[in-house]
Amino acid sequence: MQIILEKINDSSHVDIGSILFKSNELLRRITGNPHIVRRLQGGWKAEVSCDISDSPVAWFILVFRLALQWVHDSLSAQRIADLENKLKEAKSNKSLEEPLLLSLSSEVYSLPTNQPKKSLLLNLLGDLYWNRYLSSPRDAYNLNEAIRIYADAVQLATDDDINRAGHLNDLAAAYLRRFEQFGNSDDLNAAMKHFEEALDFTRDDDIDKPLRMSNYGNALNHYFKRSGDDGSLNKAIEVQRQAVDVAALRNAQQPFLIHNLATSLDLRFERYGKLEDLSEAISLHEQAIESCVDEREKLKYLTTLTNSLYNRFERKRAPNDLNRVVNLHEEVVQLTPEDNPAKPGRLNNLANAFLRRFEYYGNIADLERSVSTLEKANDLTLNEHPDKLSRMNNLASAYIRRYAQLSKSINLDNALELFEGILRRTTDGHPQRPARLSTLAGALARRFEGVDPDIVDINRAIELQGEAVRLTPDDGAKKASRINALANFLRRRFESLRNVEDIDSAISNAESAVKLTSADNPEKFGFLNMLGVSLAARFDTFGSIDDINRSISVLRMLVRLTADSDREKPARLDNSGASLWSRFKHLGDVGDLKESVQAHERAVMLTPKDHPSRAMRLNNFGNALTCRFRRLNNIEDIDRSISVKEEALQLLLENHPQRMFVLDGLANSLFRRYAVTLQKEDIDRSITMHEESLHNTPQTHPSRSARLSNLGNSLSSRFEQQKDIVDIDIAFSLQEDAVSSTLDGNLNKVAFLINLGNSYARRSSVMGTPDDLIQACLNFSLAAKSSTGSAVVKFRACSHWAQYSRVMHATNLLDIYEHAVSLLPQLAWLELPITDRFHHLVEAGRVIRDGASVAIEAGDLRKAVEWLEQGQSVIWGQILQLRTPLDGLRDVRPDLANKLTQLSLQLEGTSVDSQVETVESNGRESVQQYHSLAIERDSLIGQIRSEIEGFDRFLQPRSFSELTYSLLNHVVIVNISSIRCDALVISSKSSIGVSLIPLPDLTLSKAQTISSSIALAGAATNDEGFAKLLTFIWTIVVKPVLTGLEISNSSGLKPPCIWWCPTGLLSFLPLHAAGMYRLGASSDKISDYVISSYTPTLSALQVNYDTTNQAQTHMLAVVQPSAAGQRALPGTQEELKQIKKCINSSVTFNELVGPNATVQKVSEGIKAANWVHFACHGVQDLSDPTQSALLLTGKPSRLTLSKIIGLSLPNAQLAFLSACQTATGDEDLAEESVHLAAGVLLAGYKGVVATLWSIKDRDAPLVAEALYSHIFAQSSMPDCREAVYALSVAIQKLKERPGNSFSSWVPYIHIGI
């Protein structure tokens, strides 16, 4: 250059061409590149400020400087290029060392800010940290560094930088990944912002535009998942659909774009449930798979397709979808090499698919393939793999599932071995230790429930579960569920060992689990279920009514709140039915039984055919049907019970642990049917099944005692028919074992004692062995005196005890019957609905009458009267007791008197009417409250007796002197029993207040014959037949009584009144009409001696005579001539007319006729009146006597006995029930006087005129006119006590009417005073 300049300066003439030549040569030497020379020369015109012709030297110097600058710039560009290449090479290096990364980072960040490529290099540096993060996702440092560097790259990139869009996309992707890992909403918001910016800077023709659109859609999906914003989800689908369309237009269809759109549609299906979204998603998944060439990506797409197909299967239940799910999982597994670390996870997914198909089809092969696949997955998973323990857990759970299906204990043992291994590898401080303790405890408890339970298992289960509870924080989500599981294990151990501490602790823990759980937590239902089941378990052993009431209340609520579609609904119905059945067995409330049957039936209906619990639910349903058969005697129930139990048995394999329960239940049902049909096949099958059940029941099983007793029962019954001594010998051995192995206080022991007693009695009957009778009575006495057990069962034991003690002529018979009488209040406990109390008293009447006969033979007539009074109208006595004035108590303890009054009023309000209604409507919740009131009242009465001096017999049965105080003479109690028949006359003439008139010609069989004949005579019998019946009654009952009373023919004088108080079948005999009748003439009939009235009890006659006639007479006439569905009664209008003619001015008279005679108006009218006359139809309900009714108008049209009982009318005086069958009772409840007339008397009326059977429409007006004419003629203030005499006058007029027969006048009777 220096030489060129010198030549130029020395030359007088500048050769421009030479200078250009020299300069080009110089530039070539400097740059070494002729192409660069040309590029430089092209730019000189812009850079050089002077022209070569004007100043060649200056021009050359400038050119040279430009060349030197170019050389410097050229060296810097090479450095940048080298750095870019190093970054790209590092990016492909999977094991990039930290020093190199730091060196590269230093180089990039040392570049000046104005370096045009610094933004690109920063982005490449960010890629290095991103790749390091992908290789180790748990290291958040690399992810954070990538985000920081990407952000720097974006900041340096100008708006016109062609790489800016890519940098923004990379930064957004990194933010999105950090959000996915840590869930920080700020990261998600940043990702969405940068994805949007990236799209804004992306040209439409940019090849990456579809990808960036799809990425933005993914971010929108995440935003939807976090916020629930439907708009973001719909926008995601719109953007991703555009991405797919843009790529398709360029013929660059990319599988991952299709896959992303399909995933978004899957998400929207999950949100809205629209099948068109799911179907499109499936179609897109299939397209993505078809167009995918990358095997790794294809596996991912196959997996998402299986998820979509599975969702469609769950929605549409199309079997083809489920089969495709299995096939696709198999394809994924086959495409995955054995050494691929993802292989175990994919095997795990395949196993789950097999399991789901097993659940749907029930093909055991799928369950087996699920287990074998999980075994392979577990084997392929290295011990140090983070998923090893979870796969061990999955395999163990599958073993348990196979155990539940096949009942092979090896499966449970394998599961326990795996769970133990998991726990051993879990350190003390590990966060999963409580869960793994709980899982192992559950498996141990399950093995304990198997065929051969080992107490060690349940003990360890409780220990482990207790540790799990202690290690779980109080505010931990699983605390309540683990406490609940502990409660379950404690209950299971209690059912085996009967340790009261276990069941108390179980209930306490269940209550804690409930309290720890918020009301909106669905788990709370399960905890309440455990509480209900545990309370029922304690009741089944110790018999606390409060426990079973709480149990039923909780379980009933759960059933009501659980939808039918909920998979837990059948189990909750089953538990509810079991608790109701338990309470029925203890109390005998038929409403509980009916509800129990309904619950069990519903549980079976909602249980899938292949469900492992179906067999036991069928068995429970069958047990409830058997129980209903025993209560209601419907043979269809026992046939159906056997049928459903046979179905249950077919569902269980030979080694299934529940098989012994079903065998025992079926055997019991066959035994019950045999007792009715005496079919030999039934008893033989019963014994065979009992034997198999007992053989499969371990020695320590809590149900073994019941199995022993049940088999003994069946053998004992077969012995009774077939007389095979081997049967009864085995029965004794079994039943004695059952009794000896059952602790005192166990509710079942009473039944076991009775069963053993029955077997001794049967052998004595067949073999004539007196020692057997002694043993029978011993066992019956132990059962009758037990402190636990149902009152019904204990009374039955007492009945047997008395029966066989009489055969042995025992000296303690009075003590036995005294005990039987003491059980009456429990037998018909106030807690029960009235219909059930009546049912329980069916057997009681016979026992009490026999007891009275024993007392008579012992010479204790007063005791006989007291017992008969307690045994007569027990229910009526209870209701009257609720209305007993408490003046004496109020004087000393007004607080207790007021409390007792309040409880009595509440009980009376539900005892006689509403309980009947609730049973019929199945609205059983009110019964719970009624139980609580009854228990509280009993407790209060006990407190009064024990705490207040002089009240030790408060509300106790009345003594003889209390019963007969203020009674008039000639109350005749006629007792009939298989032992003897007598009349007990309450009379002041006797030194002891009662005299005995034996009735040797009266027997139980004769009374049965007369009662049956009278029942027919009431409908239609010729007078000759009727005369014979009345003559027979005169001869064997009435005449001996009149003779004993020394009452002679009144010979025209006003005869005395006699009150008949018949018992048993005598309650249906027309004693008031007895006489020596001959066709066409009569002589020596009862009406010549006395006027007859009846009373159900002595107590019913104890009214305040002094105040009877003081009230003004308000009379109501109720007339219904045309009840729906009945023949018309035109005579009722005439009857009303005759009544109006008779009343005088002192009587306030009202009438309710025809359409005005509704149940509501009549009920209100009765309360305002003290005299009432009904002229209408009456009906007797034999299926439920408390529903016998007077037929009125409207809906409801029946004024039922239960409704009448509920009316408390202390000022009422006389009721005339001029209707059919108003004094017709139930033969099975003879002592209880369950008829309309007794109900009216109970409501408060002093006297009642009623009918034994149908009356003639034309006779009623005459009787009414004659009766009221007599009463109102006696005094200006009518006296209801004249009704008995007035009726006799009316009957006499009826007899004198031409053409009238016995059936015209005999039905009319008077009851009360």
# chains A, B, ... in the order shown; residues from 1 in each chain; ligands from 1
>>> residues_around(residues="segment 772-781 of chain A", least_positions_apart="4", cutoff="7 Å", atoms="only C-alpha atoms", output="mmCIF file with N, CA, C and O atoms, in the first residue's frame")
data_model
loop_
_atom_site.group_PDB
_atom_site.id
_atom_site.type_symbol
_atom_site.label_atom_id
_atom_site.label_comp_id
_atom_site.auth_asym_id
_atom_site.auth_seq_id
_atom_site.Cartn_x
_atom_site.Cartn_y
_atom_site.Cartn_z
ATOM 1 N N LEU A 753 -81.551 -72.833 74.424
ATOM 2 C CA LEU A 753 -82.128 -73.542 75.579
ATOM 3 C C LEU A 753 -83.496 -74.095 75.241
ATOM 4 O O LEU A 753 -83.832 -75.239 75.610
ATOM 5 N N ILE A 754 -84.308 -73.308 74.541
ATOM 6 C CA ILE A 754 -85.646 -73.790 74.154
ATOM 7 C C ILE A 754 -85.527 -74.973 73.203
ATOM 8 O O ILE A 754 -86.256 -75.972 73.332
ATOM 9 N N LEU A 756 -83.128 -77.151 72.984
ATOM 10 C CA LEU A 756 -82.711 -78.325 73.755
ATOM 11 C C LEU A 756 -83.874 -78.853 74.583
ATOM 12 O O LEU A 756 -84.099 -80.072 74.658
ATOM 13 N N GLY A 757 -84.632 -77.950 75.183
ATOM 14 C CA GLY A 757 -85.799 -78.368 75.947
ATOM 15 C C GLY A 757 -86.818 -79.096 75.088
ATOM 16 O O GLY A 757 -87.399 -80.111 75.502
ATOM 17 N N ASN A 758 -87.044 -78.600 73.876
ATOM 18 C CA ASN A 758 -87.992 -79.272 72.973
ATOM 19 C C ASN A 758 -87.547 -80.688 72.636
ATOM 20 O O ASN A 758 -88.365 -81.609 72.520
ATOM 21 N N TYR A 760 -85.716 -82.702 74.514
ATOM 22 C CA TYR A 760 -86.007 -83.552 75.671
ATOM 23 C C TYR A 760 -87.491 -83.882 75.741
ATOM 24 O O TYR A 760 -87.887 -85.030 76.033
ATOM 25 N N ALA A 761 -88.336 -82.896 75.477
ATOM 26 C CA ALA A 761 -89.785 -83.134 75.540
ATOM 27 C C ALA A 761 -90.226 -84.132 74.477
ATOM 28 O O ALA A 761 -91.096 -84.978 74.726
ATOM 29 N N ARG A 763 -88.406 -86.550 73.132
ATOM 30 C CA ARG A 763 -88.001 -87.925 73.478
ATOM 31 C C ARG A 763 -88.868 -88.467 74.597
ATOM 32 O O ARG A 763 -89.223 -89.651 74.608
ATOM 33 N N SER A 764 -89.242 -87.599 75.532
ATOM 34 C CA SER A 764 -90.123 -88.046 76.609
ATOM 35 C C SER A 764 -91.474 -88.481 76.060
ATOM 36 O O SER A 764 -92.046 -89.482 76.487
ATOM 37 N N LYS A 785 -86.246 -67.354 82.370
ATOM 38 C CA LYS A 785 -85.707 -66.436 83.376
ATOM 39 C C LYS A 785 -84.476 -65.674 82.886
ATOM 40 O O LYS A 785 -83.891 -64.903 83.657
ATOM 41 N N ALA A 797 -91.011 -69.916 76.171
ATOM 42 C CA ALA A 797 -90.305 -70.844 77.056
ATOM 43 C C ALA A 797 -91.096 -71.062 78.338
ATOM 44 O O ALA A 797 -91.197 -72.193 78.838
ATOM 45 N N CYS A 798 -91.653 -69.989 78.881
ATOM 46 C CA CYS A 798 -92.439 -70.095 80.113
ATOM 47 C C CYS A 798 -93.681 -70.947 79.891
ATOM 48 O O CYS A 798 -94.084 -71.729 80.761
ATOM 49 N N HIS A 800 -93.978 -73.438 77.718
ATOM 50 C CA HIS A 800 -93.550 -74.848 77.698
ATOM 51 C C HIS A 800 -93.206 -75.337 79.107
ATOM 52 O O HIS A 800 -93.531 -76.471 79.485
ATOM 53 N N TRP A 801 -92.564 -74.489 79.843
ATOM 54 C CA TRP A 801 -92.181 -74.836 81.224
ATOM 55 C C TRP A 801 -93.426 -75.179 82.047
ATOM 56 O O TRP A 801 -93.459 -76.206 82.753
ATOM 57 N N TYR A 804 -95.183 -78.653 80.724
ATOM 58 C CA TYR A 804 -94.575 -79.922 81.103
ATOM 59 C C TYR A 804 -94.459 -80.067 82.616
ATOM 60 O O TYR A 804 -94.433 -81.191 83.143
ATOM 61 N N SER A 805 -94.423 -78.947 83.328
ATOM 62 C CA SER A 805 -94.424 -79.029 84.796
ATOM 63 C C SER A 805 -95.763 -79.551 85.302
ATOM 64 O O SER A 805 -95.824 -80.266 86.309
#
>>> select_by_dssp(residues="segment 49-274 of chain A", states="helix (DSSP H, G or I)", output="mmCIF file with C-alpha atoms, in the first residue's frame")
data_model
loop_
_atom_site.group_PDB
_atom_site.id
_atom_site.type_symbol
_atom_site.label_atom_id
_atom_site.label_comp_id
_atom_site.auth_asym_id
_atom_site.auth_seq_id
_atom_site.Cartn_x
_atom_site.Cartn_y
_atom_site.Cartn_z
ATOM 1 C CA PRO A 56 -7.244 9.441 -5.998
ATOM 2 C CA VAL A 57 -5.186 9.359 -2.829
ATOM 3 C CA ALA A 58 -8.027 10.204 -0.500
ATOM 4 C CA TRP A 59 -10.184 7.798 -2.334
ATOM 5 C CA PHE A 60 -7.709 4.992 -1.970
ATOM 6 C CA ILE A 61 -7.176 5.637 1.750
ATOM 7 C CA LEU A 62 -10.879 5.425 2.389
ATOM 8 C CA VAL A 63 -11.148 2.214 0.419
ATOM 9 C CA PHE A 64 -8.294 0.751 2.357
ATOM 10 C CA ARG A 65 -9.869 1.624 5.671
ATOM 11 C CA LEU A 66 -13.093 0.002 4.567
ATOM 12 C CA ALA A 67 -11.171 -3.102 3.657
ATOM 13 C CA LEU A 68 -9.526 -3.206 7.062
ATOM 14 C CA GLN A 69 -12.970 -2.787 8.774
ATOM 15 C CA TRP A 70 -14.302 -5.573 6.652
ATOM 16 C CA VAL A 71 -11.435 -7.795 7.725
ATOM 17 C CA HIS A 72 -12.243 -7.079 11.382
ATOM 18 C CA ASP A 73 -15.927 -7.723 10.848
ATOM 19 C CA SER A 74 -15.139 -10.835 8.943
ATOM 20 C CA LEU A 75 -13.111 -12.227 11.812
ATOM 21 C CA SER A 76 -16.063 -11.495 14.316
ATOM 22 C CA ALA A 77 -18.643 -13.254 12.087
ATOM 23 C CA GLN A 78 -16.463 -16.309 12.002
ATOM 24 C CA ARG A 79 -16.378 -16.331 15.785
ATOM 25 C CA ILE A 80 -20.186 -16.107 15.959
ATOM 26 C CA ALA A 81 -20.500 -18.882 13.404
ATOM 27 C CA ASP A 82 -18.116 -21.058 15.378
ATOM 28 C CA LEU A 83 -20.073 -20.389 18.587
ATOM 29 C CA GLU A 84 -23.347 -21.220 16.849
ATOM 30 C CA ASN A 85 -21.905 -24.484 15.601
ATOM 31 C CA LYS A 86 -20.639 -25.381 19.076
ATOM 32 C CA LEU A 87 -24.095 -24.739 20.531
ATOM 33 C CA LYS A 88 -25.730 -26.905 17.918
ATOM 34 C CA GLU A 89 -23.229 -29.679 18.490
ATOM 35 C CA ALA A 90 -23.831 -29.442 22.246
ATOM 36 C CA LYS A 91 -27.566 -29.639 21.640
ATOM 37 C CA GLU A 98 -21.536 -29.048 33.157
ATOM 38 C CA PRO A 99 -18.169 -27.244 32.491
ATOM 39 C CA LEU A 100 -18.838 -27.099 28.746
ATOM 40 C CA LEU A 101 -22.334 -25.773 29.329
ATOM 41 C CA LEU A 102 -21.008 -23.057 31.644
ATOM 42 C CA SER A 103 -18.291 -22.154 29.122
ATOM 43 C CA LEU A 104 -20.818 -21.837 26.314
ATOM 44 C CA SER A 105 -23.091 -19.813 28.518
ATOM 45 C CA SER A 106 -20.217 -17.450 29.349
ATOM 46 C CA GLU A 107 -19.351 -17.009 25.678
ATOM 47 C CA VAL A 108 -22.913 -16.234 24.686
ATOM 48 C CA TYR A 109 -23.543 -13.778 27.486
ATOM 49 C CA SER A 110 -20.112 -12.036 26.782
ATOM 50 C CA LYS A 118 -27.071 -12.850 20.259
ATOM 51 C CA SER A 119 -30.804 -13.496 20.509
ATOM 52 C CA LEU A 120 -30.483 -16.629 18.389
ATOM 53 C CA LEU A 121 -27.486 -17.857 20.366
ATOM 54 C CA LEU A 122 -29.326 -17.294 23.655
ATOM 55 C CA ASN A 123 -32.215 -19.352 22.384
ATOM 56 C CA LEU A 124 -29.827 -22.146 21.434
ATOM 57 C CA LEU A 125 -28.280 -21.933 24.894
ATOM 58 C CA GLY A 126 -31.784 -22.189 26.396
ATOM 59 C CA ASP A 127 -32.323 -25.344 24.322
ATOM 60 C CA LEU A 128 -29.329 -26.915 26.066
ATOM 61 C CA TYR A 129 -30.844 -26.370 29.488
ATOM 62 C CA TRP A 130 -34.231 -27.530 28.191
ATOM 63 C CA ASN A 131 -32.730 -30.801 26.930
ATOM 64 C CA ARG A 132 -30.965 -31.323 30.239
ATOM 65 C CA TYR A 133 -34.338 -30.823 31.972
ATOM 66 C CA LEU A 134 -36.032 -33.349 29.660
ATOM 67 C CA SER A 135 -33.406 -35.958 30.509
ATOM 68 C CA ALA A 140 -36.186 -27.941 38.245
ATOM 69 C CA TYR A 141 -32.955 -25.907 38.034
ATOM 70 C CA ASN A 142 -32.487 -26.722 34.358
ATOM 71 C CA LEU A 143 -36.100 -25.819 33.578
ATOM 72 C CA ASN A 144 -35.824 -22.527 35.418
ATOM 73 C CA GLU A 145 -32.560 -21.685 33.627
ATOM 74 C CA ALA A 146 -34.117 -22.522 30.267
ATOM 75 C CA ILE A 147 -36.996 -20.139 30.977
ATOM 76 C CA ARG A 148 -34.604 -17.364 32.101
ATOM 77 C CA ILE A 149 -32.431 -17.701 28.998
ATOM 78 C CA TYR A 150 -35.402 -18.017 26.613
ATOM 79 C CA ALA A 151 -36.813 -14.845 28.144
ATOM 80 C CA ASP A 152 -33.479 -13.042 27.526
ATOM 81 C CA ALA A 153 -33.550 -14.214 23.918
ATOM 82 C CA VAL A 154 -37.061 -12.864 23.449
ATOM 83 C CA GLN A 155 -36.101 -9.550 25.025
ATOM 84 C CA LEU A 156 -33.190 -9.070 22.596
ATOM 85 C CA ARG A 164 -38.725 -13.829 17.280
ATOM 86 C CA ALA A 165 -41.790 -16.042 16.803
ATOM 87 C CA GLY A 166 -39.757 -19.179 17.430
ATOM 88 C CA HIS A 167 -38.182 -17.731 20.557
ATOM 89 C CA LEU A 168 -41.604 -16.798 21.929
ATOM 90 C CA ASN A 169 -42.927 -20.294 21.198
ATOM 91 C CA ASP A 170 -39.977 -21.910 23.001
ATOM 92 C CA LEU A 171 -40.423 -19.651 26.027
ATOM 93 C CA ALA A 172 -44.156 -20.371 26.142
ATOM 94 C CA ALA A 173 -43.535 -24.129 25.930
ATOM 95 C CA ALA A 174 -41.097 -23.950 28.857
ATOM 96 C CA TYR A 175 -43.552 -21.975 30.972
ATOM 97 C CA LEU A 176 -46.281 -24.496 30.162
ATOM 98 C CA ARG A 177 -44.080 -27.399 31.198
ATOM 99 C CA ARG A 178 -43.257 -25.722 34.517
ATOM 100 C CA PHE A 179 -46.965 -25.180 35.092
ATOM 101 C CA GLU A 180 -47.636 -28.844 34.371
ATOM 102 C CA GLN A 181 -45.002 -29.839 36.907
ATOM 103 C CA PHE A 182 -45.658 -27.368 39.715
ATOM 104 C CA SER A 185 -51.052 -20.282 37.588
ATOM 105 C CA ASP A 186 -48.593 -17.459 36.789
ATOM 106 C CA ASP A 187 -46.647 -19.890 34.607
ATOM 107 C CA LEU A 188 -49.813 -20.879 32.748
ATOM 108 C CA ASN A 189 -50.763 -17.261 32.178
ATOM 109 C CA ALA A 190 -47.248 -16.495 30.887
ATOM 110 C CA ALA A 191 -47.383 -19.508 28.557
ATOM 111 C CA MET A 192 -50.706 -18.412 27.063
ATOM 112 C CA LYS A 193 -49.467 -14.834 26.615
ATOM 113 C CA HIS A 194 -46.266 -15.889 24.821
ATOM 114 C CA PHE A 195 -48.046 -18.478 22.634
ATOM 115 C CA GLU A 196 -50.411 -15.716 21.484
ATOM 116 C CA GLU A 197 -47.457 -13.385 20.765
ATOM 117 C CA ALA A 198 -45.677 -16.170 18.881
ATOM 118 C CA LEU A 199 -48.718 -16.604 16.649
ATOM 119 C CA ASP A 200 -48.912 -12.842 16.082
ATOM 120 C CA LYS A 209 -47.573 -21.985 12.148
ATOM 121 C CA PRO A 210 -49.775 -25.120 12.566
ATOM 122 C CA LEU A 211 -47.483 -26.362 15.331
ATOM 123 C CA ARG A 212 -47.645 -23.068 17.206
ATOM 124 C CA MET A 213 -51.429 -22.940 16.869
ATOM 125 C CA SER A 214 -51.667 -26.452 18.301
ATOM 126 C CA ASN A 215 -49.370 -25.562 21.192
ATOM 127 C CA TYR A 216 -51.530 -22.561 21.986
ATOM 128 C CA GLY A 217 -54.541 -24.884 22.022
ATOM 129 C CA ASN A 218 -52.791 -27.121 24.552
ATOM 130 C CA ALA A 219 -52.230 -24.123 26.822
ATOM 131 C CA LEU A 220 -55.897 -23.173 26.512
ATOM 132 C CA ASN A 221 -56.848 -26.703 27.551
ATOM 133 C CA HIS A 222 -54.748 -26.381 30.661
ATOM 134 C CA TYR A 223 -56.412 -23.084 31.437
ATOM 135 C CA PHE A 224 -59.806 -24.775 31.113
ATOM 136 C CA LYS A 225 -58.784 -27.544 33.478
ATOM 137 C CA ARG A 226 -57.607 -25.011 36.026
ATOM 138 C CA SER A 227 -60.446 -22.464 35.757
ATOM 139 C CA ASP A 230 -65.692 -23.343 28.841
ATOM 140 C CA GLY A 231 -64.690 -20.587 26.436
ATOM 141 C CA SER A 232 -61.026 -21.515 26.652
ATOM 142 C CA LEU A 233 -61.785 -25.170 25.859
ATOM 143 C CA ASN A 234 -63.906 -24.275 22.856
ATOM 144 C CA LYS A 235 -61.256 -21.832 21.642
ATOM 145 C CA ALA A 236 -58.592 -24.557 22.020
ATOM 146 C CA ILE A 237 -60.589 -26.872 19.778
ATOM 147 C CA GLU A 238 -61.150 -24.064 17.249
ATOM 148 C CA VAL A 239 -57.436 -23.171 17.109
ATOM 149 C CA GLN A 240 -56.288 -26.800 16.897
ATOM 150 C CA ARG A 241 -58.862 -27.545 14.214
ATOM 151 C CA GLN A 242 -57.447 -24.589 12.213
ATOM 152 C CA ALA A 243 -53.938 -25.985 12.731
ATOM 153 C CA VAL A 244 -54.979 -29.326 11.257
ATOM 154 C CA ASP A 245 -56.724 -27.606 8.321
ATOM 155 C CA VAL A 246 -53.716 -25.347 7.551
ATOM 156 C CA ALA A 247 -51.367 -28.332 7.591
ATOM 157 C CA ALA A 248 -53.713 -30.278 5.324
ATOM 158 C CA LEU A 249 -53.781 -27.438 2.788
ATOM 159 C CA PRO A 255 -50.046 -36.772 13.286
ATOM 160 C CA PHE A 256 -49.327 -34.844 16.463
ATOM 161 C CA LEU A 257 -51.605 -31.971 15.318
ATOM 162 C CA ILE A 258 -54.446 -34.434 14.825
ATOM 163 C CA HIS A 259 -53.622 -36.062 18.134
ATOM 164 C CA ASN A 260 -53.770 -32.742 20.004
ATOM 165 C CA LEU A 261 -57.170 -31.895 18.500
ATOM 166 C CA ALA A 262 -58.477 -35.356 19.436
ATOM 167 C CA THR A 263 -57.242 -34.880 22.990
ATOM 168 C CA SER A 264 -59.114 -31.575 23.253
ATOM 169 C CA LEU A 265 -62.301 -33.212 22.002
ATOM 170 C CA ASP A 266 -61.810 -35.942 24.616
ATOM 171 C CA LEU A 267 -61.618 -33.224 27.214
ATOM 172 C CA ARG A 268 -64.822 -31.591 26.020
ATOM 173 C CA PHE A 269 -66.587 -34.936 26.090
ATOM 174 C CA GLU A 270 -65.574 -35.341 29.719
ATOM 175 C CA ARG A 271 -67.007 -31.868 30.361
ATOM 176 C CA TYR A 272 -70.333 -32.119 28.530
#
>>> residues_around(residues="Val865 of chain A", least_positions_apart="2", cutoff="10 Å", atoms="only C-alpha atoms", output="list of chain:residue names")
A:Ala852, A:Ala855, A:Ile856, A:Asp860, A:Leu861, A:Arg862, A:Lys863, A:Trp867, A:Leu868, A:Glu869, A:Gln870, A:Gly871, A:Ser959, A:Phe960, A:Leu963, A:Thr964, A:Ile973, A:Asn975, A:Leu984, A:Val985, A:Ile986, A:Val994, A:Leu1098
